[in-house]
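The file my_file-v1.pdb comes next; it holds PDB, C-alpha atoms.
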```pdb
MODEL        1
ATOM      1  CA  MET A   1       5.832 -20.401 -20.950  1.00  0.00           C
ATOM      2  CA  ASP A   2       9.355 -21.201 -19.833  1.00  0.00           C
ATOM      3  CA  GLY A   3      10.744 -18.484 -22.113  1.00  0.00           C
ATOM      4  CA  CYS A   4       8.366 -15.897 -20.632  1.00  0.00           C
ATOM      5  CA  LEU A   5       9.365 -16.883 -17.118  1.00  0.00           C
ATOM      6  CA  THR A   6      13.065 -16.690 -17.945  1.00  0.00           C
ATOM      7  CA  ALA A   7      12.656 -13.325 -19.668  1.00  0.00           C
ATOM      8  CA  GLY A   8      10.636 -12.011 -16.722  1.00  0.00           C
ATOM      9  CA  LEU A   9      13.148 -13.152 -14.126  1.00  0.00           C
ATOM     10  CA  SER A  10      16.125 -11.828 -16.061  1.00  0.00           C
ATOM     11  CA  GLY A  11      14.231  -8.581 -16.693  1.00  0.00           C
ATOM     12  CA  MET A  12      14.133  -7.997 -12.947  1.00  0.00           C
ATOM     13  CA  ARG A  13      17.892  -7.479 -13.009  1.00  0.00           C
ATOM     14  CA  LEU A  14      18.137  -5.205 -16.063  1.00  0.00           C
ATOM     15  CA  HIS A  15      18.340  -2.075 -13.927  1.00  0.00           C
ATOM     16  CA  GLU A  16      21.519  -3.074 -12.102  1.00  0.00           C
ATOM     17  CA  LEU A  17      24.897  -1.521 -12.758  1.00  0.00           C
ATOM     18  CA  PRO A  18      27.665  -3.701 -14.184  1.00  0.00           C
ATOM     19  CA  PRO A  19      30.403  -4.968 -11.856  1.00  0.00           C
ATOM     20  CA  GLN A  20      33.108  -2.467 -10.963  1.00  0.00           C
ATOM     21  CA  PRO A  21      36.786  -2.926 -11.966  1.00  0.00           C
ATOM     22  CA  GLY A  22      37.663  -4.608  -8.661  1.00  0.00           C
ATOM     23  CA  GLY A  23      35.276  -7.459  -9.453  1.00  0.00           C
ATOM     24  CA  THR A  24      32.696  -6.297  -6.929  1.00  0.00           C
ATOM     25  CA  CYS A  25      29.321  -4.808  -7.733  1.00  0.00           C
ATOM     26  CA  ALA A  26      28.663  -1.317  -6.430  1.00  0.00           C
ATOM     27  CA  THR A  27      25.410  -2.337  -4.777  1.00  0.00           C
ATOM     28  CA  SER A  28      24.950   0.988  -3.020  1.00  0.00           C
ATOM     29  CA  ASP A  29      25.102   2.732  -6.408  1.00  0.00           C
ATOM     30  CA  VAL A  30      22.376   0.503  -7.820  1.00  0.00           C
ATOM     31  CA  THR A  31      19.735   2.621  -6.101  1.00  0.00           C
ATOM     32  CA  CYS A  32      20.926   5.634  -8.113  1.00  0.00           C
ATOM     33  CA  ALA A  33      20.671   3.863 -11.473  1.00  0.00           C
ATOM     34  CA  PRO A  34      18.106   5.621 -13.688  1.00  0.00           C
ATOM     35  CA  GLY A  35      16.899   2.259 -14.998  1.00  0.00           C
ATOM     36  CA  SER A  36      15.768   1.263 -11.521  1.00  0.00           C
ATOM     37  CA  TYR A  37      13.564   4.320 -11.216  1.00  0.00           C
ATOM     38  CA  ASN A  38      12.236   3.779 -14.748  1.00  0.00           C
ATOM     39  CA  VAL A  39      11.258   0.171 -14.053  1.00  0.00           C
ATOM     40  CA  HIS A  40       9.499   1.027 -10.804  1.00  0.00           C
ATOM     41  CA  GLY A  41       7.878   4.148 -12.284  1.00  0.00           C
ATOM     42  CA  PHE A  42       6.453   2.266 -15.259  1.00  0.00           C
ATOM     43  CA  ASN A  43       5.209  -0.497 -12.965  1.00  0.00           C
ATOM     44  CA  LEU A  44       3.411   2.107 -10.853  1.00  0.00           C
ATOM     45  CA  ILE A  45       1.810   3.697 -13.926  1.00  0.00           C
ATOM     46  CA  PHE A  46       0.647   0.353 -15.321  1.00  0.00           C
ATOM     47  CA  MET A  47      -0.709  -0.878 -11.988  1.00  0.00           C
ATOM     48  CA  MET A  48      -2.617   2.361 -11.349  1.00  0.00           C
ATOM     49  CA  GLY A  49      -4.007   2.209 -14.894  1.00  0.00           C
ATOM     50  CA  GLU A  50      -5.140  -1.349 -14.340  1.00  0.00           C
ATOM     51  CA  LEU A  51      -6.666  -0.442 -10.988  1.00  0.00           C
ATOM     52  CA  LEU A  52      -8.621   2.451 -12.460  1.00  0.00           C
ATOM     53  CA  LEU A  53      -9.761   0.673 -15.638  1.00  0.00           C
ATOM     54  CA  ASN A  54     -10.934  -2.689 -14.310  1.00  0.00           C
ATOM     55  CA  ASN A  55     -13.813  -3.705 -12.090  1.00  0.00           C
ATOM     56  CA  MET A  56     -12.050  -6.473 -10.201  1.00  0.00           C
ATOM     57  CA  PRO A  57     -12.745  -6.381  -6.459  1.00  0.00           C
ATOM     58  CA  ILE A  58      -9.837  -5.951  -4.079  1.00  0.00           C
ATOM     59  CA  ILE A  59     -10.371  -7.932  -0.912  1.00  0.00           C
ATOM     60  CA  TRP A  60      -8.754  -7.289   2.482  1.00  0.00           C
ATOM     61  CA  SER A  61      -7.821 -10.878   3.126  1.00  0.00           C
ATOM     62  CA  HIS A  62      -5.936 -11.158  -0.161  1.00  0.00           C
ATOM     63  CA  SER A  63      -3.079  -9.236   1.392  1.00  0.00           C
ATOM     64  CA  LEU A  64      -1.856 -12.716   2.308  1.00  0.00           C
ATOM     65  CA  PHE A  65      -0.933 -13.209  -1.349  1.00  0.00           C
ATOM     66  CA  VAL A  66       1.116 -10.009  -1.294  1.00  0.00           C
ATOM     67  CA  MET A  67       3.057 -11.381   1.676  1.00  0.00           C
ATOM     68  CA  ILE A  68       3.600 -14.710  -0.097  1.00  0.00           C
ATOM     69  CA  TRP A  69       4.941 -12.841  -3.148  1.00  0.00           C
ATOM     70  CA  LEU A  70       7.203 -10.751  -0.909  1.00  0.00           C
ATOM     71  CA  PHE A  71       8.585 -13.912   0.693  1.00  0.00           C
ATOM     72  CA  ALA A  72       9.098 -15.516  -2.734  1.00  0.00           C
ATOM     73  CA  TYR A  73      11.009 -12.459  -3.944  1.00  0.00           C
ATOM     74  CA  GLY A  74      13.169 -12.598  -0.828  1.00  0.00           C
ATOM     75  CA  VAL A  75      14.043 -16.220  -1.590  1.00  0.00           C
ATOM     76  CA  TYR A  76      14.709 -15.252  -5.224  1.00  0.00           C
ATOM     77  CA  SER A  77      17.089 -12.476  -4.131  1.00  0.00           C
ATOM     78  CA  TRP A  78      18.954 -14.896  -1.861  1.00  0.00           C
ATOM     79  CA  LEU A  79      19.330 -17.318  -4.795  1.00  0.00           C
ATOM     80  CA  VAL A  80      20.588 -14.492  -7.018  1.00  0.00           C
ATOM     81  CA  TYR A  81      23.139 -13.663  -4.329  1.00  0.00           C
ATOM     82  CA  ASP A  82      24.230 -17.297  -4.078  1.00  0.00           C
ATOM     83  CA  TYR A  83      24.628 -17.494  -7.840  1.00  0.00           C
ATOM     84  CA  GLY A  84      26.216 -14.124  -8.623  1.00  0.00           C
ATOM     85  CA  ASN A  85      27.454 -12.819  -5.257  1.00  0.00           C
ATOM     86  CA  THR A  86      25.499  -9.555  -5.708  1.00  0.00           C
ATOM     87  CA  TRP A  87      22.344  -8.401  -3.994  1.00  0.00           C
ATOM     88  CA  VAL A  88      19.362  -7.326  -6.073  1.00  0.00           C
ATOM     89  CA  TYR A  89      18.924  -4.360  -3.695  1.00  0.00           C
ATOM     90  CA  PHE A  90      21.469  -3.140  -1.160  1.00  0.00           C
ATOM     91  CA  PHE A  91      18.943  -3.282   1.696  1.00  0.00           C
ATOM     92  CA  LEU A  92      18.387  -7.031   1.222  1.00  0.00           C
ATOM     93  CA  ASP A  93      21.986  -7.752   2.262  1.00  0.00           C
ATOM     94  CA  THR A  94      21.663 -10.083   5.245  1.00  0.00           C
ATOM     95  CA  THR A  95      25.239  -9.472   6.401  1.00  0.00           C
ATOM     96  CA  LYS A  96      24.376  -5.961   7.582  1.00  0.00           C
ATOM     97  CA  GLN A  97      23.003  -5.335  11.054  1.00  0.00           C
ATOM     98  CA  SER A  98      20.198  -3.232   9.609  1.00  0.00           C
ATOM     99  CA  ALA A  99      18.819  -6.180   7.572  1.00  0.00           C
ATOM    100  CA  PRO A 100      16.078  -7.157  10.081  1.00  0.00           C
ATOM    101  CA  ALA A 101      14.818  -3.560  10.145  1.00  0.00           C
ATOM    102  CA  TRP A 102      14.785  -3.422   6.348  1.00  0.00           C
ATOM    103  CA  TYR A 103      12.947  -6.739   6.023  1.00  0.00           C
ATOM    104  CA  SER A 104      10.390  -5.734   8.686  1.00  0.00           C
ATOM    105  CA  GLY A 105       9.962  -2.328   7.087  1.00  0.00           C
ATOM    106  CA  LEU A 106       9.386  -3.878   3.671  1.00  0.00           C
ATOM    107  CA  PHE A 107       6.772  -6.193   5.168  1.00  0.00           C
ATOM    108  CA  PHE A 108       4.806  -3.338   6.720  1.00  0.00           C
ATOM    109  CA  LEU A 109       5.315  -1.081   3.702  1.00  0.00           C
ATOM    110  CA  HIS A 110       3.835  -3.722   1.397  1.00  0.00           C
ATOM    111  CA  LEU A 111       0.839  -4.082   3.706  1.00  0.00           C
ATOM    112  CA  CYS A 112       0.358  -0.302   3.815  1.00  0.00           C
ATOM    113  CA  PHE A 113       0.494  -0.034   0.033  1.00  0.00           C
ATOM    114  CA  TYR A 114      -1.961  -2.922  -0.344  1.00  0.00           C
ATOM    115  CA  TYR A 115      -4.465  -1.199   1.931  1.00  0.00           C
ATOM    116  CA  LEU A 116      -3.847   2.128   0.159  1.00  0.00           C
ATOM    117  CA  VAL A 117      -4.777   0.446  -3.131  1.00  0.00           C
ATOM    118  CA  TYR A 118      -7.777  -1.109  -1.383  1.00  0.00           C
ATOM    119  CA  GLY A 119      -8.883   2.378  -0.314  1.00  0.00           C
ATOM    120  CA  ILE A 120      -8.344   3.807  -3.800  1.00  0.00           C
ATOM    121  CA  ASN A 121     -10.459   0.986  -5.209  1.00  0.00           C
ATOM    122  CA  ARG A 122     -13.274   1.727  -2.730  1.00  0.00           C
ATOM    123  CA  LEU A 123     -13.047   5.434  -3.558  1.00  0.00           C
ATOM    124  CA  LYS A 124     -13.235   4.609  -7.269  1.00  0.00           C
ATOM    125  CA  GLN A 125     -16.357   2.533  -6.671  1.00  0.00           C
ATOM    126  CA  ARG A 126     -18.030   5.375  -4.748  1.00  0.00           C
ATOM    127  CA  CYS A 127     -17.058   8.180  -7.127  1.00  0.00           C
ATOM    128  CA  PHE A 128     -17.781   6.458 -10.396  1.00  0.00           C
ATOM    129  CA  GLY A 129     -20.845   4.575  -9.195  1.00  0.00           C
ATOM    130  CA  ALA A 130     -20.276   0.871  -9.203  1.00  0.00           C
ATOM    131  CA  SER A 131     -22.687  -1.079 -11.352  1.00  0.00           C
ATOM    132  CA  GLN A 132     -23.604  -3.281  -8.384  1.00  0.00           C
ATOM    133  CA  SER A 133     -25.224  -2.517  -5.059  1.00  0.00           C
ATOM    134  CA  GLN A 134     -23.178  -2.883  -1.878  1.00  0.00           C
ATOM    135  CA  GLU A 135     -24.887  -6.196  -1.097  1.00  0.00           C
ATOM    136  CA  GLU A 136     -24.015  -7.553  -4.550  1.00  0.00           C
ATOM    137  CA  GLN A 137     -20.396  -6.389  -4.128  1.00  0.00           C
ATOM    138  CA  ASP A 138     -20.159  -8.061  -0.726  1.00  0.00           C
ATOM    139  CA  GLU A 139     -21.588 -11.280  -2.153  1.00  0.00           C
ATOM    140  CA  ALA A 140     -19.137 -11.175  -5.075  1.00  0.00           C
ATOM    141  CA  GLU A 141     -16.243 -10.680  -2.660  1.00  0.00           C
ATOM    142  CA  SER A 142     -17.394 -13.562  -0.490  1.00  0.00           C
ATOM    143  CA  SER A 143     -17.252 -15.911  -3.475  1.00  0.00           C
ATOM    144  CA  TYR A 144     -13.476 -15.374  -3.786  1.00  0.00           C
ATOM    145  CA  LEU A 145     -10.974 -17.624  -2.064  1.00  0.00           C
ATOM    146  CA  LEU A 146     -10.077 -16.486   1.481  1.00  0.00           C
ATOM    147  CA  SER A 147     -12.711 -13.762   1.509  1.00  0.00           C
ATOM    148  CA  THR A 148     -13.327 -11.860   4.737  1.00  0.00           C
ATOM    149  CA  ASN A 149     -17.079 -12.158   4.258  1.00  0.00           C
ATOM    150  CA  SER A 150     -17.270 -15.936   3.964  1.00  0.00           C
ATOM    151  CA  SER A 151     -17.433 -18.191   6.977  1.00  0.00           C
ATOM    152  CA  MET A 152     -15.613 -21.474   7.233  1.00  0.00           C
ATOM    153  CA  ALA A 153     -17.570 -24.468   8.432  1.00  0.00           C
TER     154      ALA A 153
ENDMDL
END
```
Represent the supplied structure as structure tokens.
Amino acid sequence: MDGCLTAGLSGMRLHELPPQPGGTCATSDVTCAPGSYNVHGFNLIFMMGELLLNNMPIIWSHSLFVMIWLFAYGVYSWLVYDYGNTWVYFFLDTTKQSAPAWYSGLFFLHLCFYYLVYGINRLKQRCFGASQSQEEQDEAESSYLLSTNSSMA
């Protein structure tokens, strides 16, 4: 398990450019690296394939987990900066005045994409005829942790 975690975390940085001759990393050039687009493109393809091929419900209230993951990645990028003095992405650089706008924008962008995927999932259920009735789907969703349909006592 530890090897998988290490390989996964180091794999996140495979798309970066090597340090430049002056000893600094050209962080603004990292966004133009073809590997970065490949990694994100393949992730998009795999996630859309998984979304279209499975029958797992997507629940509104689970967007909280997306925000937790976003926060965890922010902490990870700060640790990477502390260790290697390079930012994973140029827009995560907290020394720039535009950093609060970038962080806020990423927060709202992640929420928008989560709800876009939620809508695609609902559309998939309508178009391809879900095997369950709407009442059964609502009951299945309410059995999940933090469901919007369950009430807390």
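Computed from the coordinates, the atom CA of A:Ser61 to atom CA of A:His110 distance equals 13.8 Å.
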Of the candidates A:Tyr114, A:Tyr89, A:Tyr37, A:Glu50, which one gets nearest to A:Trp102 if we count all atoms listed in the file? A:Tyr89
Pick the closest to A:Gly74 from A:Tyr115, A:Trp60, A:Trp87, A:Phe128: which is it, counting all atoms listed in the file? A:Trp87
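Here atom CA of A:Tyr73 stands at a distance of 24.6 Å from atom CA of A:Met56.
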Given the point (4.0, -12.8, 1.9) in the coordinates of this file, which residues lie within 7 Å, counting only C-alpha atoms, and how would they look as a list in words? Leu64, Phe65, Val66, Met67, Ile68, Trp69, Leu70 and Phe71 of chain A
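Put simply, atom CA of A:Tyr118 is 13.4 Å away from atom CA of A:Asn54.
Here the selection is built from only C-alpha atoms, and the residues within 6 Å of (20.0, -9.3, -7.8) turn out to be A:Arg13, A:Ser77, A:Val80, A:Thr86, A:Trp87, A:Val88.
Shortest separation to A:Gly105 among A:Leu92, A:Cys127, A:Val117, A:Leu52 occurs at residue A:Leu92, atoms counted being only C-alpha atoms.
Compared by their closest atoms to A:Leu106, and using only C-alpha atoms, the residues A:Tyr76, A:Ile45, A:Gly119, A:Phe91 rank with A:Phe91 nearest.
The nearest approach to A:Val75 among the residues A:Asn38, A:Ser63, A:Gln125, A:Thr94, with all atoms listed in the file taken into account, belongs to A:Thr94.
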